[in-house]
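> Once you've had a glance at the structure underneath, I'll fire off some questions.
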Amino acid sequence: MTIKKIKYHRVYEDVIEQIKNLILEGNLAPGDVLPTERELAQSFGISRGTLREAFRILEREGLIEARPGGGRFLSKALDVAEDRSRILDNIERATIIELLEARELFETGIVELAAKRATDEDIAEIEAAFATWGEIDQNAEDRSKPDQAFHLSIAKATHNVVLVNMIELHMDLLQRTLSKTAQIPGRKSEVYEEHLLILQAIKERDPVKAKLALLNHLSRVKENIQKNHIHV
């Protein structure tokens, strides 16, 4: 009997994807008014709360404008011909920034708990994942798996299945984050050092140091995403 792992599904990302496609296919042009929340929620088969989550990201990135009492419009500042790639970039970057904000909350707790609970076997597994990450071939088809293994091995060291599941549920976004920064010159060596500090703190059983090392890593990732205007 073959059982496939269930993949976590973020509905608001599907909404963003569909709206993005409407823009790229020419069904929405700059200045066009969007259907009402009620109409869109019914068409998508989702709650208005989920729809607002999608709109919040699109509005923050300047792709959609909200007018009090006047609905929402596709930004007039967009030139569809020249901004199609920018639309994709902004949406992708916004989603990654939201992930990094979430990781600052839940993953700091994970590394703190790992520093307190990790057994010698756990640390050996983290070290093995770290060593594999350090050997990543920049020309490999998938450079994200060793990075995912590193973060997952830390979660396993908490001995809390819920926290392990939280990391597993966000593996796809972890992969997308790495893919956006992997080509930045010198970034691989920087991440190596950032990961090393996290590993050392866990080995020293120092939860405060582990938390600070992770926050430094996430801060540097966010800085590179924003500063370099990473493209999809």
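Labeling convention for the structure tokens: chains A, B, ... as they appear, residues from 1 per chain, ligands from 1 in order of appearance.
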If we count only C-alpha atoms, what is near Glu190 (chain A) at a cut-off of 10 Å, once residues fewer than 5 positions away on the same chain are taken out, given as a list of chain:residue names?
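The residues that qualify are A:Pro185, A:His195, A:Leu196, A:His217, A:Arg220.
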> Considering only C-alpha atoms, return as a tab-separated table (two decimals) with all heavy atoms, in the first residue's frame whatever protein or nucleic-acid residues lie within 7 Å of Ala155 (chain A), sequence-local ones (same chain, fewer than 2 positions apart) excluded.

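Output below, filename out_39.tsv:
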chain	number	residue	atom	x	y	z
A	110	ILE	N	11.67	26.96	18.15
A	110	ILE	CA	12.18	25.63	17.80
A	110	ILE	C	13.66	25.50	18.15
A	110	ILE	O	14.08	24.53	18.78
A	110	ILE	CB	11.93	25.33	16.30
A	110	ILE	CG1	10.43	25.10	16.07
A	110	ILE	CG2	12.75	24.12	15.85
A	110	ILE	CD1	10.06	24.90	14.61
A	114	ALA	N	15.33	23.08	20.87
A	114	ALA	CA	16.33	22.12	20.40
A	114	ALA	C	17.61	22.24	21.23
A	114	ALA	O	18.22	21.22	21.57
A	114	ALA	CB	16.64	22.35	18.92
A	151	HIS	N	17.22	22.41	8.65
A	151	HIS	CA	16.18	22.99	9.50
A	151	HIS	C	15.26	21.91	10.08
A	151	HIS	O	14.81	22.03	11.22
A	151	HIS	CB	15.37	24.03	8.71
A	151	HIS	CG	16.14	25.27	8.40
A	151	HIS	ND1	16.39	26.25	9.34
A	151	HIS	CD2	16.76	25.69	7.26
A	151	HIS	CE1	17.11	27.22	8.80
A	151	HIS	NE2	17.35	26.90	7.54
A	152	LEU	N	15.00	20.88	9.30
A	152	LEU	CA	14.15	19.79	9.78
A	152	LEU	C	14.84	19.01	10.89
A	152	LEU	O	14.20	18.60	11.87
A	152	LEU	CB	13.79	18.87	8.62
A	152	LEU	CG	12.79	17.74	8.95
A	152	LEU	CD1	11.49	18.30	9.48
A	152	LEU	CD2	12.54	16.89	7.71
A	153	SER	N	16.15	18.80	10.77
A	153	SER	CA	16.88	18.07	11.81
A	153	SER	C	16.86	18.83	13.14
A	153	SER	O	16.80	18.23	14.22
A	153	SER	CB	18.32	17.80	11.37
A	153	SER	OG	19.06	19.01	11.23
A	157	ALA	N	15.02	17.69	16.80
A	157	ALA	CA	15.73	17.71	18.09
A	157	ALA	C	14.88	18.27	19.22
A	157	ALA	O	15.23	18.12	20.39
A	157	ALA	CB	17.02	18.52	17.96
A	158	THR	N	13.74	18.88	18.89
A	158	THR	CA	12.82	19.36	19.95
A	158	THR	C	12.03	18.20	20.54
A	158	THR	O	11.46	18.34	21.63
A	158	THR	CB	11.83	20.39	19.39
A	158	THR	OG1	10.93	19.76	18.45
A	158	THR	CG2	12.55	21.55	18.73
A	163	LEU	N	5.92	20.64	16.18
A	163	LEU	CA	6.92	21.56	15.65
A	163	LEU	C	7.59	20.99	14.40
A	163	LEU	O	7.89	21.72	13.45
A	163	LEU	CB	7.97	21.87	16.72
A	163	LEU	CG	7.45	22.61	17.96
A	163	LEU	CD1	8.56	22.82	18.96
A	163	LEU	CD2	6.84	23.95	17.56
A	164	VAL	N	7.81	19.68	14.39
A	164	VAL	CA	8.36	19.04	13.19
A	164	VAL	C	7.39	19.22	12.02
A	164	VAL	O	7.80	19.56	10.90
A	164	VAL	CB	8.63	17.54	13.43
A	164	VAL	CG1	9.04	16.86	12.14
A	164	VAL	CG2	9.71	17.36	14.49
> Apply DSSP to the backbone of this structure and, from region 16-214 of chain A, keep only the residues in strand (DSSP E or B); write these as an NGL selection string.
:A and (33 or 64-67 or 71-74)
> Next, write the just-selected residues to a file, as an mmCIF file, in the first residue's frame, keeping all heavy atoms as the atom set.

data_model
loop_
_atom_site.group_PDB
_atom_site.id
_atom_site.type_symbol
_atom_site.label_atom_id
_atom_site.label_comp_id
_atom_site.auth_asym_id
_atom_site.auth_seq_id
_atom_site.Cartn_x
_atom_site.Cartn_y
_atom_site.Cartn_z
ATOM 1 N N VAL A 33 -11.773 47.939 -12.348
ATOM 2 C CA VAL A 33 -12.342 47.633 -11.038
ATOM 3 C C VAL A 33 -12.490 46.122 -10.898
ATOM 4 O O VAL A 33 -12.838 45.427 -11.854
ATOM 5 C CB VAL A 33 -13.710 48.326 -10.855
ATOM 6 C CG1 VAL A 33 -14.731 47.820 -11.875
ATOM 7 C CG2 VAL A 33 -14.230 48.123 -9.434
ATOM 8 N N ILE A 64 -2.813 46.393 -6.262
ATOM 9 C CA ILE A 64 -4.243 46.689 -6.171
ATOM 10 C C ILE A 64 -4.427 47.900 -5.265
ATOM 11 O O ILE A 64 -3.717 48.062 -4.268
ATOM 12 C CB ILE A 64 -5.016 45.470 -5.614
ATOM 13 C CG1 ILE A 64 -5.145 44.395 -6.699
ATOM 14 C CG2 ILE A 64 -6.403 45.873 -5.124
ATOM 15 C CD1 ILE A 64 -5.848 43.150 -6.231
ATOM 16 N N GLU A 65 -5.358 48.777 -5.609
ATOM 17 C CA GLU A 65 -5.679 49.948 -4.802
ATOM 18 C C GLU A 65 -7.079 49.801 -4.234
ATOM 19 O O GLU A 65 -8.000 49.379 -4.934
ATOM 20 C CB GLU A 65 -5.603 51.218 -5.656
ATOM 21 C CG GLU A 65 -4.226 51.500 -6.244
ATOM 22 C CD GLU A 65 -4.239 52.691 -7.181
ATOM 23 O OE1 GLU A 65 -5.336 53.255 -7.411
ATOM 24 O OE2 GLU A 65 -3.167 53.064 -7.678
ATOM 25 N N ALA A 66 -7.228 50.125 -2.953
ATOM 26 C CA ALA A 66 -8.545 50.093 -2.305
ATOM 27 C C ALA A 66 -9.038 51.521 -2.120
ATOM 28 O O ALA A 66 -8.287 52.385 -1.660
ATOM 29 C CB ALA A 66 -8.454 49.387 -0.959
ATOM 30 N N ARG A 67 -10.264 51.758 -2.488
ATOM 31 C CA ARG A 67 -10.855 53.087 -2.333
ATOM 32 C C ARG A 67 -12.066 52.976 -1.425
ATOM 33 O O ARG A 67 -12.969 52.176 -1.690
ATOM 34 C CB ARG A 67 -11.260 53.645 -3.694
ATOM 35 C CG ARG A 67 -10.092 53.747 -4.664
ATOM 36 C CD ARG A 67 -10.525 54.206 -6.029
ATOM 37 N NE ARG A 67 -9.429 54.122 -6.994
ATOM 38 C CZ ARG A 67 -9.566 54.355 -8.296
ATOM 39 N NH1 ARG A 67 -10.764 54.666 -8.775
ATOM 40 N NH2 ARG A 67 -8.519 54.257 -9.097
ATOM 41 N N GLY A 71 -14.644 50.160 -3.750
ATOM 42 C CA GLY A 71 -14.121 48.876 -4.179
ATOM 43 C C GLY A 71 -12.616 48.869 -4.367
ATOM 44 O O GLY A 71 -11.895 49.752 -3.903
ATOM 45 N N ARG A 72 -12.142 47.865 -5.093
ATOM 46 C CA ARG A 72 -10.706 47.704 -5.347
ATOM 47 C C ARG A 72 -10.442 47.745 -6.856
ATOM 48 O O ARG A 72 -11.220 47.219 -7.642
ATOM 49 C CB ARG A 72 -10.205 46.381 -4.764
ATOM 50 C CG ARG A 72 -10.209 46.339 -3.244
ATOM 51 C CD ARG A 72 -9.654 45.014 -2.743
ATOM 52 N NE ARG A 72 -9.519 44.988 -1.289
ATOM 53 C CZ ARG A 72 -10.493 44.645 -0.449
ATOM 54 N NH1 ARG A 72 -11.671 44.295 -0.936
ATOM 55 N NH2 ARG A 72 -10.279 44.646 0.842
ATOM 56 N N PHE A 73 -9.287 48.331 -7.193
ATOM 57 C CA PHE A 73 -8.918 48.501 -8.589
ATOM 58 C C PHE A 73 -7.511 47.967 -8.818
ATOM 59 O O PHE A 73 -6.670 47.996 -7.930
ATOM 60 C CB PHE A 73 -8.941 49.987 -8.979
ATOM 61 C CG PHE A 73 -10.294 50.641 -8.887
ATOM 62 C CD1 PHE A 73 -10.842 50.970 -7.662
ATOM 63 C CD2 PHE A 73 -11.012 50.926 -10.038
ATOM 64 C CE1 PHE A 73 -12.086 51.577 -7.573
ATOM 65 C CE2 PHE A 73 -12.251 51.532 -9.961
ATOM 66 C CZ PHE A 73 -12.800 51.860 -8.730
ATOM 67 N N LEU A 74 -7.257 47.521 -10.054
ATOM 68 C CA LEU A 74 -5.892 47.203 -10.435
ATOM 69 C C LEU A 74 -5.164 48.526 -10.581
ATOM 70 O O LEU A 74 -5.668 49.455 -11.208
ATOM 71 C CB LEU A 74 -5.876 46.435 -11.752
ATOM 72 C CG LEU A 74 -4.504 45.935 -12.228
ATOM 73 C CD1 LEU A 74 -3.915 44.954 -11.226
ATOM 74 C CD2 LEU A 74 -4.632 45.288 -13.591
#
> Could you jot down the CA of Leu218 (chain A) to CA of Leu100 (chain A) separation for me, Å, one decimal place?
6.6 Å
> Give the answer as one residue: which of A:Arg56, A:Arg38, A:Ala131, A:Ala201 has the shortest atom-to-atom distance to Pro146 (chain A), using only C-alpha atoms?
A:Ala131
> Per DSSP on the backbone, filter region 1-70 of chain A down to the residues in helix (DSSP H, G or I) and report them as a count of residues only.
35
> Find, counting only C-alpha atoms, the residue in A:Gln226, A:Thr119, A:Thr108, A:Gln148 that gets nearest to Thr132 (chain A).
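Nearest candidate to Thr132 (chain A) out of A:Gln226, A:Thr119, A:Thr108, A:Gln148: A:Gln148.
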